[in-house]
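Taking it in order: structure first as structure tokens, then the write-up.
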Amino acid sequence: MLELSHVTASYGASQILFDVDLQVRDNEVVTLLGRNGMGKTTTVKTICGLLPHTAGRIAVAGKDTRGLAPHRIARLGIGLVPEGRRCFAPLTVEENLIAAARPGHWDFAAVSELFPRLAERRRQTARTLSGGEQQMLAIGRALMTNPKLLILDEATEGLAPAVRQEIWRSLHKLKTEGLSILVIDKSLAELSTLVDRYVIIEKGADVWEGKPVELTADIAARHLGIS
């Protein structure tokens, strides 16, 4: 579904990604881990074409994305839930969802079933929602594009525990439905029950990959600062 092979990327003269390899297979959930500032969000921006890669290859559903505009990469099947949610504040919940809609299983009814609170607040503008409700809206908006691959960048950061659990519940449901997912998060306890593989990035390079059960305390301490 997604393949990065020897990808490098830079902000101007400053190289940020160094020879990154990353794969997400069909029906697989992968998490990209790393300390703050190590290149996780930059990797997401590069996948989505918001930052051009200067070397290597990125393919989405088998198609090379080099030279494609971000909206054309999205149409290959990527649904992005960006860091910071970025809902359209003046629009209602329903308008936010409809604005992103493409034909497929995920319509307003399906998103409302996943997140009933969005149906309850369908006439409210996004700016009046709580942080947790805005995050549900951001996920619902990405699903309304009917993606083959869902990318979530810090989707539970700063949320109340009850809302965080609702987000994790929704991701488990999406996994059972066979959606490929790339998730960036710091909650190892929740990730360990959801994901198939961990990929750790450090200083812009992938340094370790394995299953959750293979992440030892030594590896977590060395690369994630978790003792």
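Residues are named by chain letter and number: chains run A, B, ... in the order of the structure tokens, numbers start at 1 in each chain, and ligands are numbered from 1 in the order shown.
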
| strand (DSSP E) positions in stretch 60-194 of chain A, given as number ranges by chain | A: 60, 63-64, 78-81, 149-153, 180-184

List every residue of stretch 119-151 of chain A that has an atom at most 12 Å from any atom of stretch 38-50 of chain A, and for each one report the closest atom pair and its distance in Å to one decimal, counting only C-alpha atoms, with rows sorted by chain and then by increasing residue number, as a tab-separated table.
residue	atom	partner	partner_atom	distance
A:Leu149	CA	A:Cys48	CA	11.4
A:Leu150	CA	A:Val44	CA	11.2
A:Ile151	CA	A:Val44	CA	7.8

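For the atom pair formed by atom CA of A:Val183 and atom CA of A:Asp196, the distance is 11.2 Å, given to one decimal.
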
| query | Near A:Asp185, counting only C-alpha atoms, which residues have an atom at most 12 Å away, once you skip same-chain residues fewer than 5 positions from it, shown as number ranges by chain? | reply | A: 30-36, 40-41, 83, 151-158, 164, 167-168, 190-192, 194-195, 198-200, 224

Tell me, counting only C-alpha atoms, for each residue of stretch 154-227 of chain A within 10 Å of stretch 104-123 of chain A, which pair of atoms is nearest and how far apart they are in Å to one decimal, in rows ordered by chain and increasing number, as CSV.
residue,atom,partner,partner_atom,distance
A:Glu166,CA,A:Phe115,CA,8.5
A:Ile167,CA,A:Phe115,CA,9.0
A:Arg169,CA,A:Leu114,CA,9.3
A:Ser170,CA,A:Leu114,CA,6.6
A:Leu171,CA,A:Leu114,CA,9.8
A:Lys173,CA,A:Leu114,CA,8.5
A:Leu174,CA,A:Leu114,CA,9.3

Could you write out the selected residues, including C-alpha atoms, as a short mmCIF file (atom, residue, chain, number, x, y, z; two decimals), in the first residue's frame?
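Result written to result-v2.cif:
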data_model
loop_
_atom_site.label_atom_id
_atom_site.label_comp_id
_atom_site.auth_asym_id
_atom_site.auth_seq_id
_atom_site.Cartn_x
_atom_site.Cartn_y
_atom_site.Cartn_z
CA GLU A 166 -12.80 6.40 22.03
CA ILE A 167 -10.19 7.22 19.38
CA ARG A 169 -11.60 2.05 19.90
CA SER A 170 -12.32 3.55 16.49
CA LEU A 171 -8.86 2.59 15.20
CA LYS A 173 -12.65 -1.06 14.43
CA LEU A 174 -10.99 0.33 11.30
#

| said: Env of stretch 131-138 of chain A: 6 Å cut, atoms = only C-alpha atoms, seq-sep filter 2 positions within chain, self excluded. Answer as a PyMOL selection string. | reply: chain A and resi 81+85+129+140-141+159+163

| request: Using DSSP on the backbone, list every residue of stretch 69-201 of chain A that comes out as helix (DSSP H, G or I), and give them as a PyMOL selection string. | output: chain A and resi 70-74+93-99+108-114+116-120+126-128+131-143+161-176+188-192

Take the selection from the previous step and output its residues with C-alpha atoms, as a PDB file, in the first residue's frame.
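Result file selection_37.pdb:
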ATOM      1  CA  PRO A  70      -0.383  16.688  -3.002  1.00  0.00           C
ATOM      2  CA  HIS A  71      -4.019  16.480  -4.134  1.00  0.00           C
ATOM      3  CA  ARG A  72      -3.105  13.898  -6.774  1.00  0.00           C
ATOM      4  CA  ILE A  73      -1.204  11.836  -4.206  1.00  0.00           C
ATOM      5  CA  ALA A  74      -4.254  11.977  -1.950  1.00  0.00           C
ATOM      6  CA  VAL A  93     -19.536  19.346  11.271  1.00  0.00           C
ATOM      7  CA  GLU A  94     -21.597  18.119   8.339  1.00  0.00           C
ATOM      8  CA  GLU A  95     -20.047  20.660   5.953  1.00  0.00           C
ATOM      9  CA  ASN A  96     -16.525  19.648   7.042  1.00  0.00           C
ATOM     10  CA  LEU A  97     -17.333  16.046   6.236  1.00  0.00           C
ATOM     11  CA  ILE A  98     -19.132  16.668   2.955  1.00  0.00           C
ATOM     12  CA  ALA A  99     -16.329  18.955   1.737  1.00  0.00           C
ATOM     13  CA  PHE A 108     -22.009  10.719   6.744  1.00  0.00           C
ATOM     14  CA  ALA A 109     -24.020   7.800   8.098  1.00  0.00           C
ATOM     15  CA  ALA A 110     -20.986   5.529   8.406  1.00  0.00           C
ATOM     16  CA  VAL A 111     -18.886   8.227  10.095  1.00  0.00           C
ATOM     17  CA  SER A 112     -21.785   8.984  12.448  1.00  0.00           C
ATOM     18  CA  GLU A 113     -21.945   5.319  13.412  1.00  0.00           C
ATOM     19  CA  LEU A 114     -18.227   5.369  14.226  1.00  0.00           C
ATOM     20  CA  PRO A 116     -22.098   9.258  17.262  1.00  0.00           C
ATOM     21  CA  ARG A 117     -21.165  12.619  18.770  1.00  0.00           C
ATOM     22  CA  LEU A 118     -20.559  14.020  15.303  1.00  0.00           C
ATOM     23  CA  ALA A 119     -24.151  13.243  14.333  1.00  0.00           C
ATOM     24  CA  GLU A 120     -25.355  14.975  17.499  1.00  0.00           C
ATOM     25  CA  ALA A 126     -16.116  23.178  14.086  1.00  0.00           C
ATOM     26  CA  ARG A 127     -14.827  26.081  16.179  1.00  0.00           C
ATOM     27  CA  THR A 128     -17.466  25.352  18.849  1.00  0.00           C
ATOM     28  CA  GLY A 131     -10.669  19.282  21.227  1.00  0.00           C
ATOM     29  CA  GLY A 132     -11.738  15.658  21.300  1.00  0.00           C
ATOM     30  CA  GLU A 133     -14.722  16.298  19.056  1.00  0.00           C
ATOM     31  CA  GLN A 134     -12.507  18.178  16.607  1.00  0.00           C
ATOM     32  CA  GLN A 135     -10.185  15.161  16.504  1.00  0.00           C
ATOM     33  CA  MET A 136     -13.122  12.858  15.752  1.00  0.00           C
ATOM     34  CA  LEU A 137     -14.120  15.292  13.001  1.00  0.00           C
ATOM     35  CA  ALA A 138     -10.595  15.258  11.552  1.00  0.00           C
ATOM     36  CA  ILE A 139     -10.644  11.450  11.448  1.00  0.00           C
ATOM     37  CA  GLY A 140     -14.144  11.418   9.987  1.00  0.00           C
ATOM     38  CA  ARG A 141     -13.128  13.935   7.325  1.00  0.00           C
ATOM     39  CA  ALA A 142     -10.192  11.720   6.296  1.00  0.00           C
ATOM     40  CA  LEU A 143     -12.466   8.663   6.155  1.00  0.00           C
ATOM     41  CA  PRO A 161      -8.506   9.932  28.749  1.00  0.00           C
ATOM     42  CA  ALA A 162     -12.106   9.052  27.867  1.00  0.00           C
ATOM     43  CA  VAL A 163     -11.786  10.640  24.435  1.00  0.00           C
ATOM     44  CA  ARG A 164      -8.433   8.980  23.853  1.00  0.00           C
ATOM     45  CA  GLN A 165     -10.031   5.601  24.502  1.00  0.00           C
ATOM     46  CA  GLU A 166     -12.800   6.400  22.029  1.00  0.00           C
ATOM     47  CA  ILE A 167     -10.190   7.221  19.383  1.00  0.00           C
ATOM     48  CA  TRP A 168      -8.321   3.959  20.063  1.00  0.00           C
ATOM     49  CA  ARG A 169     -11.601   2.046  19.897  1.00  0.00           C
ATOM     50  CA  SER A 170     -12.315   3.550  16.493  1.00  0.00           C
ATOM     51  CA  LEU A 171      -8.863   2.592  15.200  1.00  0.00           C
ATOM     52  CA  HIS A 172      -9.351  -1.010  16.322  1.00  0.00           C
ATOM     53  CA  LYS A 173     -12.646  -1.059  14.433  1.00  0.00           C
ATOM     54  CA  LEU A 174     -10.992   0.329  11.299  1.00  0.00           C
ATOM     55  CA  LYS A 175      -8.317  -2.357  11.547  1.00  0.00           C
ATOM     56  CA  THR A 176     -10.922  -5.127  11.715  1.00  0.00           C
ATOM     57  CA  LEU A 188       3.008   2.386  23.605  1.00  0.00           C
ATOM     58  CA  ALA A 189       0.452   0.580  25.775  1.00  0.00           C
ATOM     59  CA  GLU A 190      -2.385   1.335  23.339  1.00  0.00           C
ATOM     60  CA  LEU A 191      -0.224   0.890  20.248  1.00  0.00           C
ATOM     61  CA  SER A 192       0.921  -2.556  21.369  1.00  0.00           C
TER      62      SER A 192
END

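Reported to one decimal place, the separation of atom CA of A:Ile78 from atom CA of A:Thr145 is 8.2 Å.
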
I want to know what sits within 7 Å of stretch 10-23 of chain A, based on only C-alpha atoms, with residues of the same chain fewer than 5 positions away left out; could you give that as an mmCIF file with C-alpha atoms, in the first residue's frame?
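Okay, this is what ended up in selection.cif:
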data_model
loop_
_atom_site.group_PDB
_atom_site.id
_atom_site.type_symbol
_atom_site.label_atom_id
_atom_site.label_comp_id
_atom_site.auth_asym_id
_atom_site.auth_seq_id
_atom_site.Cartn_x
_atom_site.Cartn_y
_atom_site.Cartn_z
ATOM 1 C CA LEU A 2 2.845 2.380 0.877
ATOM 2 C CA GLU A 3 6.543 2.037 0.196
ATOM 3 C CA LEU A 4 9.377 4.436 0.954
ATOM 4 C CA SER A 5 12.745 3.301 -0.363
ATOM 5 C CA GLY A 39 11.486 13.430 11.590
ATOM 6 C CA GLY A 204 15.786 11.471 10.269
ATOM 7 C CA ALA A 205 16.757 7.839 9.691
ATOM 8 C CA ASP A 206 14.925 4.599 10.414
#

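Shortest separation to A:Gly37 among A:Thr65, A:Gly56, A:Ile201, A:Arg222 occurs at residue A:Ile201, atoms counted being only C-alpha atoms.
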
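Going from atom CA of A:Ile184 to atom CA of A:Gly67 covers 25.4 Å.
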